Every structure is written in C-alpha cells, then in structure tokens.
file work13.pdb (PDB, C-alpha atoms and all ligand atoms)
MODEL        1
ATOM      1  CA  MET A1254      15.970 -13.681 -10.062
ATOM      2  CA  ILE A1255      12.531 -12.875 -11.307
ATOM      3  CA  ARG A1256      11.718  -9.470 -12.700
ATOM      4  CA  VAL A1257       8.391  -8.369 -11.267
ATOM      5  CA  ARG A1258       7.411  -6.031 -14.099
ATOM      6  CA  THR A1259       8.895  -4.512 -17.247
ATOM      7  CA  PRO A1260       9.124  -0.692 -17.486
ATOM      8  CA  GLY A1261       6.136   1.347 -18.589
ATOM      9  CA  LEU A1262       3.298   3.520 -17.374
ATOM     10  CA  LEU A1263       1.660   1.956 -14.338
ATOM     11  CA  THR A1264      -2.067   1.562 -14.239
ATOM     12  CA  LEU A1265      -2.753   1.760 -10.531
ATOM     13  CA  GLY A1266      -5.742   0.719  -8.502
ATOM     14  CA  VAL A1267      -5.900   2.039  -4.938
ATOM     15  CA  LEU A1268      -7.765   0.221  -2.163
ATOM     16  CA  ALA A1269      -8.490   2.266   0.941
ATOM     17  CA  SER A1270     -10.818   2.155   3.925
ATOM     18  CA  GLY A1271     -10.396   5.546   5.547
ATOM     19  CA  ARG A1272      -8.758   8.946   5.555
ATOM     20  CA  GLY A1273      -6.894   8.546   2.261
ATOM     21  CA  SER A1274      -3.826  10.692   2.871
ATOM     22  CA  ASN A1275      -1.606   8.109   1.166
ATOM     23  CA  PHE A1276      -3.946   8.015  -1.812
ATOM     24  CA  GLU A1277      -3.716  11.802  -1.966
ATOM     25  CA  ALA A1278       0.092  11.690  -1.844
ATOM     26  CA  LEU A1279       0.115   9.178  -4.718
ATOM     27  CA  ALA A1280      -2.314  11.288  -6.754
ATOM     28  CA  ASP A1281      -0.120  14.358  -6.139
ATOM     29  CA  ALA A1282       3.016  12.462  -7.219
ATOM     30  CA  VAL A1283       1.242  11.431 -10.432
ATOM     31  CA  ALA A1284       0.019  15.000 -11.055
ATOM     32  CA  GLN A1285       3.533  16.333 -10.480
ATOM     33  CA  GLY A1286       5.010  13.847 -12.952
ATOM     34  CA  LYS A1287       7.131  12.137 -10.277
ATOM     35  CA  LEU A1288       5.230   8.861 -10.451
ATOM     36  CA  HIS A1289       4.831   7.534 -13.978
ATOM     37  CA  ALA A1290       1.332   6.177 -13.452
ATOM     38  CA  LYS A1291      -2.325   6.625 -14.007
ATOM     39  CA  ILE A1292      -4.609   5.990 -11.032
ATOM     40  CA  ALA A1293      -7.437   4.241 -12.819
ATOM     41  CA  LEU A1294      -9.673   3.641  -9.827
ATOM     42  CA  VAL A1295     -10.021   3.970  -6.060
ATOM     43  CA  ILE A1296     -12.017   1.258  -4.334
ATOM     44  CA  SER A1297     -13.265   1.608  -0.773
ATOM     45  CA  ASP A1298     -14.931  -1.026   1.389
ATOM     46  CA  LYS A1299     -16.425   1.650   3.685
ATOM     47  CA  ASP A1300     -19.233   3.926   2.561
ATOM     48  CA  ASN A1301     -18.224   6.804   4.824
ATOM     49  CA  ALA A1302     -14.517   6.700   3.963
ATOM     50  CA  PRO A1303     -13.112  10.217   3.394
ATOM     51  CA  VAL A1304     -10.912   8.745   0.623
ATOM     52  CA  LEU A1305     -13.999   8.693  -1.615
ATOM     53  CA  GLU A1306     -14.335  12.475  -1.438
ATOM     54  CA  LYS A1307     -10.614  12.885  -1.932
ATOM     55  CA  ALA A1308     -10.814  10.776  -5.102
ATOM     56  CA  SER A1309     -13.623  12.873  -6.488
ATOM     57  CA  ALA A1310     -11.727  16.085  -5.649
ATOM     58  CA  ALA A1311      -8.784  14.693  -7.638
ATOM     59  CA  ASN A1312     -11.076  13.689 -10.527
ATOM     60  CA  ILE A1313     -10.224  10.031 -10.084
ATOM     61  CA  PRO A1314     -13.018   7.470 -10.448
ATOM     62  CA  SER A1315     -13.968   5.637  -7.280
ATOM     63  CA  LYS A1316     -16.166   2.725  -6.415
ATOM     64  CA  LEU A1317     -17.654   1.475  -3.187
ATOM     65  CA  ILE A1318     -17.560  -2.311  -2.882
ATOM     66  CA  MET A1319     -18.706  -3.533   0.516
ATOM     67  CA  PRO A1320     -18.105  -7.082   1.731
ATOM     68  CA  GLY A1321     -21.477  -7.089   3.493
ATOM     69  CA  ASN A1322     -23.193  -7.158   0.091
ATOM     70  CA  PHE A1323     -21.675 -10.535  -0.805
ATOM     71  CA  ALA A1324     -22.443 -14.015   0.469
ATOM     72  CA  LYS A1325     -18.771 -14.946   0.797
ATOM     73  CA  ILE A1326     -15.582 -12.974   1.184
ATOM     74  CA  THR A1327     -14.224 -14.700  -1.938
ATOM     75  CA  ASP A1328     -17.191 -13.325  -3.936
ATOM     76  CA  TYR A1329     -16.390  -9.858  -2.611
ATOM     77  CA  GLU A1330     -12.743 -10.186  -3.604
ATOM     78  CA  ASN A1331     -13.626 -11.608  -7.034
ATOM     79  CA  GLU A1332     -15.738  -8.540  -7.636
ATOM     80  CA  ILE A1333     -12.787  -6.335  -6.693
ATOM     81  CA  VAL A1334     -10.442  -8.253  -9.018
ATOM     82  CA  GLN A1335     -12.901  -8.044 -11.912
ATOM     83  CA  THR A1336     -13.477  -4.352 -11.309
ATOM     84  CA  LEU A1337      -9.721  -3.684 -11.262
ATOM     85  CA  ARG A1338      -9.246  -5.754 -14.430
ATOM     86  CA  SER A1339     -12.068  -3.924 -16.193
ATOM     87  CA  VAL A1340      -9.960  -0.748 -16.011
ATOM     88  CA  ASN A1341      -6.687  -2.569 -16.819
ATOM     89  CA  VAL A1342      -5.086  -2.137 -13.411
ATOM     90  CA  ASP A1343      -1.708  -3.860 -13.268
ATOM     91  CA  VAL A1344      -0.527  -2.822  -9.805
ATOM     92  CA  VAL A1345      -2.711  -2.461  -6.718
ATOM     93  CA  ALA A1346      -1.704  -0.084  -3.921
ATOM     94  CA  LEU A1347      -3.251  -0.695  -0.510
ATOM     95  CA  ALA A1348      -3.496   2.640   1.249
ATOM     96  CA  GLY A1349      -5.024   2.150   4.659
ATOM     97  CA  TYR A1350      -7.082  -0.818   3.439
ATOM     98  CA  MET A1351      -8.060  -2.530   6.665
ATOM     99  CA  ARG A1352      -8.445  -6.137   5.454
ATOM    100  CA  LEU A1353      -6.297  -9.137   4.762
ATOM    101  CA  ILE A1354      -6.094 -10.092   1.104
ATOM    102  CA  GLY A1355      -7.135 -13.639   0.136
ATOM    103  CA  LYS A1356      -5.126 -16.164  -1.871
ATOM    104  CA  SER A1357      -7.012 -15.854  -5.124
ATOM    105  CA  PHE A1358      -6.821 -12.030  -5.074
ATOM    106  CA  ILE A1359      -3.054 -12.253  -4.450
ATOM    107  CA  GLU A1360      -2.620 -14.774  -7.265
ATOM    108  CA  SER A1361      -4.513 -12.480  -9.644
ATOM    109  CA  PHE A1362      -1.755  -9.843  -9.327
ATOM    110  CA  PRO A1363       1.519 -11.746  -8.830
ATOM    111  CA  CYS A1364       3.902  -9.498  -6.844
ATOM    112  CA  GLY A1365       1.584  -6.703  -7.928
ATOM    113  CA  ILE A1366      -0.162  -5.792  -4.673
ATOM    114  CA  VAL A1367       1.751  -3.349  -2.488
ATOM    115  CA  ASN A1368       1.074  -2.084   1.025
ATOM    116  CA  ILE A1369       2.392   0.646   3.289
ATOM    117  CA  HIS A1370       2.742  -0.024   6.995
ATOM    118  CA  PRO A1371       3.635   2.467   9.763
ATOM    119  CA  ALA A1372       6.544   0.513  11.297
ATOM    120  CA  LEU A1373       9.886  -0.927  10.294
ATOM    121  CA  LEU A1374       8.780  -4.446   9.410
ATOM    122  CA  PRO A1375       9.160  -7.198  10.414
ATOM    123  CA  SER A1376       8.647  -5.426  13.758
ATOM    124  CA  PHE A1377       5.186  -4.309  14.854
ATOM    125  CA  ARG A1378       2.846  -5.895  12.351
ATOM    126  CA  GLY A1379      -0.884  -5.381  12.525
ATOM    127  CA  LEU A1380      -2.921  -2.628  14.114
ATOM    128  CA  HIS A1381      -1.596   0.325  16.148
ATOM    129  CA  ALA A1382       1.989  -0.078  14.979
ATOM    130  CA  PRO A1383       3.155   3.330  16.327
ATOM    131  CA  ARG A1384       1.662   2.453  19.717
ATOM    132  CA  GLN A1385       3.396  -0.939  19.655
ATOM    133  CA  ALA A1386       6.735   0.762  18.917
ATOM    134  CA  ILE A1387       6.328   3.201  21.822
ATOM    135  CA  GLU A1388       5.308   0.417  24.179
ATOM    136  CA  ALA A1389       8.349  -1.630  23.167
ATOM    137  CA  GLY A1390      10.592   1.365  23.938
ATOM    138  CA  VAL A1391      12.398   1.306  20.580
ATOM    139  CA  ARG A1392      14.336   4.448  19.639
ATOM    140  CA  ILE A1393      13.712   4.252  15.907
ATOM    141  CA  SER A1394      10.590   3.305  14.011
ATOM    142  CA  GLY A1395       9.372   4.321  10.567
ATOM    143  CA  CYS A1396       7.425   2.922   7.677
ATOM    144  CA  THR A1397       7.708   0.087   5.188
ATOM    145  CA  VAL A1398       6.437  -0.435   1.663
ATOM    146  CA  HIS A1399       6.185  -4.141   0.904
ATOM    147  CA  ILE A1400       4.716  -6.602  -1.541
ATOM    148  CA  VAL A1401       1.575  -8.210  -0.132
ATOM    149  CA  ASP A1402       1.406 -11.937   0.528
ATOM    150  CA  GLU A1403      -1.153 -13.899   2.496
ATOM    151  CA  GLY A1404       0.237 -12.903   5.883
ATOM    152  CA  MET A1405      -0.469  -9.757   7.837
ATOM    153  CA  ASP A1406       2.259  -7.240   6.873
ATOM    154  CA  THR A1407       4.694 -10.018   5.966
ATOM    155  CA  GLY A1408       5.659  -9.782   2.268
ATOM    156  CA  PRO A1409       9.007  -8.818   0.701
ATOM    157  CA  ILE A1410      10.178  -5.322   1.654
ATOM    158  CA  ILE A1411      10.673  -2.760  -1.117
ATOM    159  CA  MET A1412      11.520   0.433   0.758
ATOM    160  CA  GLN A1413      11.680   1.746   4.320
ATOM    161  CA  ALA A1414      12.161   5.119   5.994
ATOM    162  CA  ALA A1415      13.323   5.579   9.572
ATOM    163  CA  VAL A1416      11.740   7.942  12.099
ATOM    164  CA  PRO A1417      13.440   8.524  15.469
ATOM    165  CA  ILE A1418      11.198   8.254  18.522
ATOM    166  CA  SER A1419      11.557  10.900  21.202
ATOM    167  CA  GLN A1420      10.767  10.274  24.855
ATOM    168  CA  ASN A1421       7.952  12.803  24.627
ATOM    169  CA  ASP A1422       6.226  11.030  21.767
ATOM    170  CA  ASP A1423       2.793   9.550  22.118
ATOM    171  CA  GLU A1424       1.061   7.333  19.598
ATOM    172  CA  ASN A1425      -0.389  10.303  17.696
ATOM    173  CA  SER A1426       2.728  12.430  17.485
ATOM    174  CA  LEU A1427       4.760   9.453  16.281
ATOM    175  CA  ALA A1428       2.104   8.370  13.751
ATOM    176  CA  GLU A1429       2.024  11.924  12.420
ATOM    177  CA  ARG A1430       5.794  12.026  11.806
ATOM    178  CA  ILE A1431       5.741   8.549  10.275
ATOM    179  CA  LEU A1432       2.950   9.659   7.938
ATOM    180  CA  VAL A1433       5.173  12.401   6.509
ATOM    181  CA  GLU A1434       7.666   9.692   5.503
ATOM    182  CA  GLU A1435       4.918   7.399   4.188
ATOM    183  CA  HIS A1436       3.899  10.093   1.767
ATOM    184  CA  LEU A1437       7.463  10.280   0.466
ATOM    185  CA  VAL A1438       8.324   6.600   0.156
ATOM    186  CA  TYR A1439       5.083   5.192  -1.246
ATOM    187  CA  TRP A1440       5.248   6.891  -4.618
ATOM    188  CA  GLN A1441       8.994   6.226  -4.820
ATOM    189  CA  ALA A1442       8.458   2.503  -4.296
ATOM    190  CA  LEU A1443       5.740   2.469  -6.955
ATOM    191  CA  GLN A1444       7.988   4.390  -9.319
ATOM    192  CA  LEU A1445      10.406   1.432  -9.076
ATOM    193  CA  TYR A1446       7.585  -0.689 -10.528
ATOM    194  CA  ALA A1447       7.072   1.853 -13.295
ATOM    195  CA  GLU A1448      10.800   1.729 -14.065
ATOM    196  CA  GLY A1449      10.831  -2.069 -14.077
ATOM    197  CA  ARG A1450      13.542  -2.145 -11.412
ATOM    198  CA  ILE A1451      12.049  -4.611  -8.945
ATOM    199  CA  TYR A1452      13.285  -8.206  -8.878
ATOM    200  CA  ILE A1453      12.684 -11.039  -6.407
ATOM    201  CA  ASP A1454      15.661 -13.221  -5.458
ATOM    202  CA  LYS A1455      15.699 -16.894  -4.459
ATOM    203  CA  LYS A1456      15.230 -15.997  -0.815
ATOM    204  CA  ASN A1457      12.073 -14.065  -1.666
ATOM    205  CA  ARG A1458      13.710 -10.696  -1.080
ATOM    206  CA  VAL A1459      13.289  -7.627  -3.253
ATOM    207  CA  VAL A1460      16.369  -6.592  -5.217
ATOM    208  CA  ILE A1461      16.264  -3.126  -6.795
ATOM    209  CA  ALA A1462      18.171  -2.776 -10.066
ATOM    210  CA  GLU A1463      20.386   0.267 -10.634
ATOM    211  CA  ALA A1464      18.656   3.055 -12.552
TER     212      ALA A1464
HETATM  213  C1  LIG B   1      -1.310   4.715   7.267
HETATM  214  O1  LIG B   1      -0.675   4.934   8.492
HETATM  215  C2  LIG B   1      -0.779   3.463   6.619
HETATM  216  O2  LIG B   1       0.558   3.212   6.931
HETATM  217  C3  LIG B   1      -1.641   2.379   7.229
HETATM  218  O3  LIG B   1      -2.903   2.971   7.353
HETATM  219  C4  LIG B   1      -2.780   4.390   7.451
HETATM  220  C5  LIG B   1      -3.622   4.951   6.341
HETATM  221  O4  LIG B   1      -3.681   6.342   6.367
HETATM  222  N1  LIG B   1      -1.614   1.196   6.422
HETATM  223  P1  LIG B   1      -4.354   7.117   5.157
HETATM  224  O5  LIG B   1      -5.773   6.584   5.014
HETATM  225  O6  LIG B   1      -3.540   6.859   3.935
HETATM  226  O7  LIG B   1      -4.339   8.553   5.543
ENDMDL
END
call {"tool": "encode", "arguments": {"input": "work13.pdb", "output": "structure tokens"}}
result
Amino acid sequence: MIRVRTPGLLTLGVLASGRGSNFEALADAVAQGKLHAKIALVISDKDNAPVLEKASAANIPSKLIMPGNFAKITDYENEIVQTLRSVNVDVVALAGYMRLIGKSFIESFPCGIVNIHPALLPSFRGLHAPRQAIEAGVRISGCTVHIVDEGMDTGPIIMQAAVPISQNDDENSLAERILVEEHLVYWQALQLYAEGRIYIDKKNRVVIAEA
C-alpha cells in the first residue's frame, strides 16, 4: 500500500466556480480547529462566483484565473498549478469547480486533488446528480468525497454519507439535504489527509488507517 501523505498541517488550495458553500464549511472547520489546515488560497474560474466574496469575508486570499485568458487549456492549468505552488499548497480541494482536471495538473499533485460529488458514486456521475437519482427512483442517495483522476467523478472514494430520498422530494429538496451532509464529510475527509491516514491499495482503493 502507498501512503498518500504523512501527518502534518495541510496547506489547502480550494478551486470553486460558484456559490462556495463547501468552501465556507471548510473555512469554518479550520476556524473551529476541527480541520488541521490552512486555506492558503481560493481560485475561481468565474468572475461573478459568490465564492470570491465568501473568501474575502473569511479573510482568505482569492484569485480569479479564467481559462478564456489563455491560448490553451494546458496553459490555464499550468498557471493554476504554479499559483498553488507559489503558496505551498499540498492538497487541492475542488468545491463546486465545474471543469475536468487535465493529466498534467493531476500529476502535479499525486493523490492530492480531492472532489465532493452530490451522489453515492459510482452512481450518478456528472451534472445534476440529485436529479439523476430521483429519475432513477433510488431510495438512498448521498454524497462522496473522492480523489480526483482524469475521469469525471471516477477516482478512489474516501468517504460517503447516505441521504434517504422521500417520494415527495424534488431535485432541489434532495440537493439541499445532501448539501448538509457534504458540509460534514468534506472537512472530515480532508482531516484524514492531515492525520496521514489515507493509503491506496493495489486495487486503487482508499484504505483509512486507524487513528
Ligand atoms: C455541491 O453540490 C458539490 O457536491 C458539487 O457542486 C456543488 C457546489 O456547491 N460538486 P457549493 O458551491 O460548494 O455551494
């Protein structure tokens, strides 16, 4: 088995494209001393993303890096990697970042890019996961924190939380209840990084060491 990271204060970079409630939950967990981390930087690819205001309200530096300002998507991602490195980020948390991550970006942070998805993966990857779950008629959905690979919502799973679906649920009511769980599991999964408890086995699965 390969240990993903040794214990120690995490230097986090957060990538987000929108509302930023998961960023806020991570910042709160850091402020409350539950997540042993420093959020060094928030990067958004959208200039009107509310996450930028939330970062400034939390006194966390943020930067807007927009793909449209680069000739190639690899140039855009190289700029992100360099920016993250310039503030010593060692783990990157995607928090509603609405883009796939390219190979070279992934290789720059081996097993060090993490995402949260509003479904119990490997079911319902991609956009509108709560809607997909309702349309499939499943009784239980939830959220998943996973390590990012080149696929869409495909990497090794770190943590999940289940959310029962009621027959009265619509996409919004389900997404809202899932979000409550997202805000609880994301910092906990990152705390496993801080504690050096995440390993990858030969089948590319996450194994969590006892505390
Ligand atoms: C969340 O539902 C998350 O699971 C998904 O995008 C949404 C982001 O919400 N990846 P927010 O911007 O963190 O509020």
call {"tool": "resolve_selection", "arguments": {"input": "work13.pdb", "expression": "the PyMOL selection byres (((chain A and resi 1390-1392) around 9) and not hetatm)", "output": "ChimeraX atom specification"}}
result
/A:1385-1389,1393-1394,1416-1420
call {"tool": "write_last_selection", "arguments": {"input": "work13.pdb", "atoms": "C-alpha atoms", "output": "tab-separated table (two decimals), in the frame of the given file"}}
result
chain	number	residue	atom	x	y	z
A	1385	GLN	CA	3.40	-0.94	19.66
A	1386	ALA	CA	6.74	0.76	18.92
A	1387	ILE	CA	6.33	3.20	21.82
A	1388	GLU	CA	5.31	0.42	24.18
A	1389	ALA	CA	8.35	-1.63	23.17
A	1393	ILE	CA	13.71	4.25	15.91
A	1394	SER	CA	10.59	3.30	14.01
A	1416	VAL	CA	11.74	7.94	12.10
A	1417	PRO	CA	13.44	8.52	15.47
A	1418	ILE	CA	11.20	8.25	18.52
A	1419	SER	CA	11.56	10.90	21.20
A	1420	GLN	CA	10.77	10.27	24.86
call {"tool": "closest_residue", "arguments": {"input": "work13.pdb", "among": "A:Met1319, A:Val1257, A:Ile1400, A:Ala1302", "to": "ligand LIG 1 (chain B)", "atoms": "only C-alpha atoms and all ligand atoms"}}
result
A:Ala1302
call {"tool": "residues_near_ligand", "arguments": {"input": "work13.pdb", "ligand": "ligand LIG 1 (chain B)", "cutoff": "7 Å", "atoms": "only C-alpha atoms and all ligand atoms", "output": "count of residues only"}}
result
19
call {"tool": "closest_residue", "arguments": {"input": "work13.pdb", "among": "A:Glu1277, A:Asp1422, A:Phe1377, A:Gly1408", "to": "Glu1306 in chain A", "atoms": "all atoms listed in the file"}}
result
A:Glu1277
call {"tool": "resolve_selection", "arguments": {"input": "work13.pdb", "expression": "the PyMOL selection byres (((chain A and resi 1327-1329) around 12) and not hetatm)", "output": "list in words"}}
result
Asp1298, Leu1317, Ile1318, Met1319, Pro1320, Gly1321, Asn1322, Phe1323, Ala1324, Lys1325, Ile1326, Glu1330, Asn1331, Glu1332, Ile1333, Val1334, Gln1335, Thr1336, Arg1352, Leu1353, Ile1354, Gly1355, Lys1356, Ser1357, Phe1358 and Ile1359 of chain A
call {"tool": "atom_distance", "arguments": {"input": "work13.pdb", "atom1": "CA of Gly1449 in chain A", "atom2": "CA of Ala1414 in chain A"}}
result
21.4 Å
call {"tool": "atom_distance", "arguments": {"input": "work13.pdb", "atom1": "CA of Gly1395 in chain A", "atom2": "CA of Leu1427 in chain A"}}
result
9.0 Å
call {"tool": "residues_around", "arguments": {"input": "work13.pdb", "residues": "Val1459 in chain A", "least_positions_apart": "6", "cutoff": "12 Å", "atoms": "only C-alpha atoms", "output": "list in words"}}
result
Met1254, Ile1255, Arg1256, Val1257, Cys1364, Val1398, His1399, Ile1400, Gly1408, Pro1409, Ile1410, Ile1411, Met1412, Ala1442, Leu1445, Tyr1446, Arg1450, Ile1451, Tyr1452 and Ile1453 of chain A
call {"tool": "closest_residue", "arguments": {"input": "work13.pdb", "among": "A:Ala1282, A:Ala1447, A:Val1438, A:Leu1294", "to": "Gly1365 in chain A", "atoms": "only C-alpha atoms"}}
result
A:Ala1447
call {"tool": "atom_distance", "arguments": {"input": "work13.pdb", "atom1": "CA of Thr1397 in chain A", "atom2": "CA of Lys1307 in chain A"}}
result
23.5 Å
call {"tool": "closest_residue", "arguments": {"input": "work13.pdb", "among": "A:Val1283, A:Ala1310, A:Leu1337, A:Leu1347", "to": "Val1267 in chain A", "atoms": "only C-alpha atoms"}}
result
A:Leu1347
call {"tool": "closest_residue", "arguments": {"input": "work13.pdb", "among": "A:Met1405, A:Leu1437, A:Val1345, A:Val1304", "to": "Lys1287 in chain A", "atoms": "only C-alpha atoms"}}
result
A:Leu1437
call {"tool": "resolve_selection", "arguments": {"input": "work13.pdb", "expression": "the PyMOL selection byres (((chain A and resi 1293) around 12) and not hetatm)", "output": "number ranges by chain"}}
result
A: 1262-1268, 1280, 1283, 1290-1292, 1294-1296, 1308, 1311-1316, 1336-1346
call {"tool": "closest_residue", "arguments": {"input": "work13.pdb", "among": "A:Met1351, A:Ala1464, A:Leu1380, A:Val1401", "to": "Pro1363 in chain A", "atoms": "all atoms listed in the file"}}
result
A:Val1401
call {"tool": "decode", "arguments": {"input": "work13.pdb", "residues": "range 1352-1365 of chain A", "atoms": "N, CA, C and O atoms", "output": "mmCIF file, in the first residue's frame"}}
result
data_model
loop_
_atom_site.group_PDB
_atom_site.id
_atom_site.type_symbol
_atom_site.label_atom_id
_atom_site.label_comp_id
_atom_site.auth_asym_id
_atom_site.auth_seq_id
_atom_site.Cartn_x
_atom_site.Cartn_y
_atom_site.Cartn_z
ATOM 1 N N ARG A 1352 -15.102 21.950 -13.862
ATOM 2 C CA ARG A 1352 -14.263 21.569 -15.002
ATOM 3 C C ARG A 1352 -13.567 20.254 -14.705
ATOM 4 O O ARG A 1352 -13.270 19.966 -13.550
ATOM 5 N N LEU A 1353 -13.276 19.547 -15.787
ATOM 6 C CA LEU A 1353 -12.427 18.359 -15.644
ATOM 7 C C LEU A 1353 -10.990 18.825 -15.445
ATOM 8 O O LEU A 1353 -10.600 19.887 -15.923
ATOM 9 N N ILE A 1354 -10.221 18.018 -14.747
ATOM 10 C CA ILE A 1354 -8.830 18.364 -14.464
ATOM 11 C C ILE A 1354 -7.936 17.571 -15.413
ATOM 12 O O ILE A 1354 -8.086 16.348 -15.551
ATOM 13 N N GLY A 1355 -7.000 18.253 -16.061
ATOM 14 C CA GLY A 1355 -6.115 17.606 -17.044
ATOM 15 C C GLY A 1355 -5.004 16.790 -16.396
ATOM 16 O O GLY A 1355 -4.705 16.930 -15.203
ATOM 17 N N LYS A 1356 -4.394 15.943 -17.250
ATOM 18 C CA LYS A 1356 -3.368 14.992 -16.799
ATOM 19 C C LYS A 1356 -2.216 15.665 -16.058
ATOM 20 O O LYS A 1356 -1.811 15.216 -14.983
ATOM 21 N N SER A 1357 -1.693 16.733 -16.630
ATOM 22 C CA SER A 1357 -0.505 17.325 -16.027
ATOM 23 C C SER A 1357 -0.824 17.972 -14.670
ATOM 24 O O SER A 1357 -0.035 17.900 -13.726
ATOM 25 N N PHE A 1358 -2.005 18.557 -14.548
ATOM 26 C CA PHE A 1358 -2.468 19.105 -13.264
ATOM 27 C C PHE A 1358 -2.561 17.959 -12.242
ATOM 28 O O PHE A 1358 -2.047 18.057 -11.117
ATOM 29 N N ILE A 1359 -3.175 16.852 -12.644
ATOM 30 C CA ILE A 1359 -3.332 15.710 -11.727
ATOM 31 C C ILE A 1359 -1.961 15.185 -11.294
ATOM 32 O O ILE A 1359 -1.726 14.901 -10.114
ATOM 33 N N GLU A 1360 -1.037 15.099 -12.257
ATOM 34 C CA GLU A 1360 0.292 14.570 -11.926
ATOM 35 C C GLU A 1360 1.095 15.534 -11.050
ATOM 36 O O GLU A 1360 2.048 15.126 -10.397
ATOM 37 N N SER A 1361 0.717 16.792 -11.029
ATOM 38 C CA SER A 1361 1.418 17.762 -10.181
ATOM 39 C C SER A 1361 1.074 17.581 -8.703
ATOM 40 O O SER A 1361 1.810 18.040 -7.834
ATOM 41 N N PHE A 1362 -0.063 16.969 -8.416
ATOM 42 C CA PHE A 1362 -0.483 16.730 -7.023
ATOM 43 C C PHE A 1362 -0.922 15.267 -6.894
ATOM 44 O O PHE A 1362 -2.125 14.983 -6.840
ATOM 45 N N PRO A 1363 0.035 14.339 -6.856
ATOM 46 C CA PRO A 1363 -0.345 12.916 -6.866
ATOM 47 C C PRO A 1363 -1.252 12.550 -5.672
ATOM 48 O O PRO A 1363 -0.881 12.778 -4.516
ATOM 49 N N CYS A 1364 -2.414 12.039 -5.988
ATOM 50 C CA CYS A 1364 -3.447 11.699 -4.974
ATOM 51 C C CYS A 1364 -3.780 12.893 -4.094
ATOM 52 O O CYS A 1364 -4.311 12.730 -2.991
ATOM 53 N N GLY A 1365 -3.480 14.084 -4.556
ATOM 54 C CA GLY A 1365 -3.634 15.270 -3.719
ATOM 55 C C GLY A 1365 -4.695 16.230 -4.215
ATOM 56 O O GLY A 1365 -4.749 17.379 -3.780
#
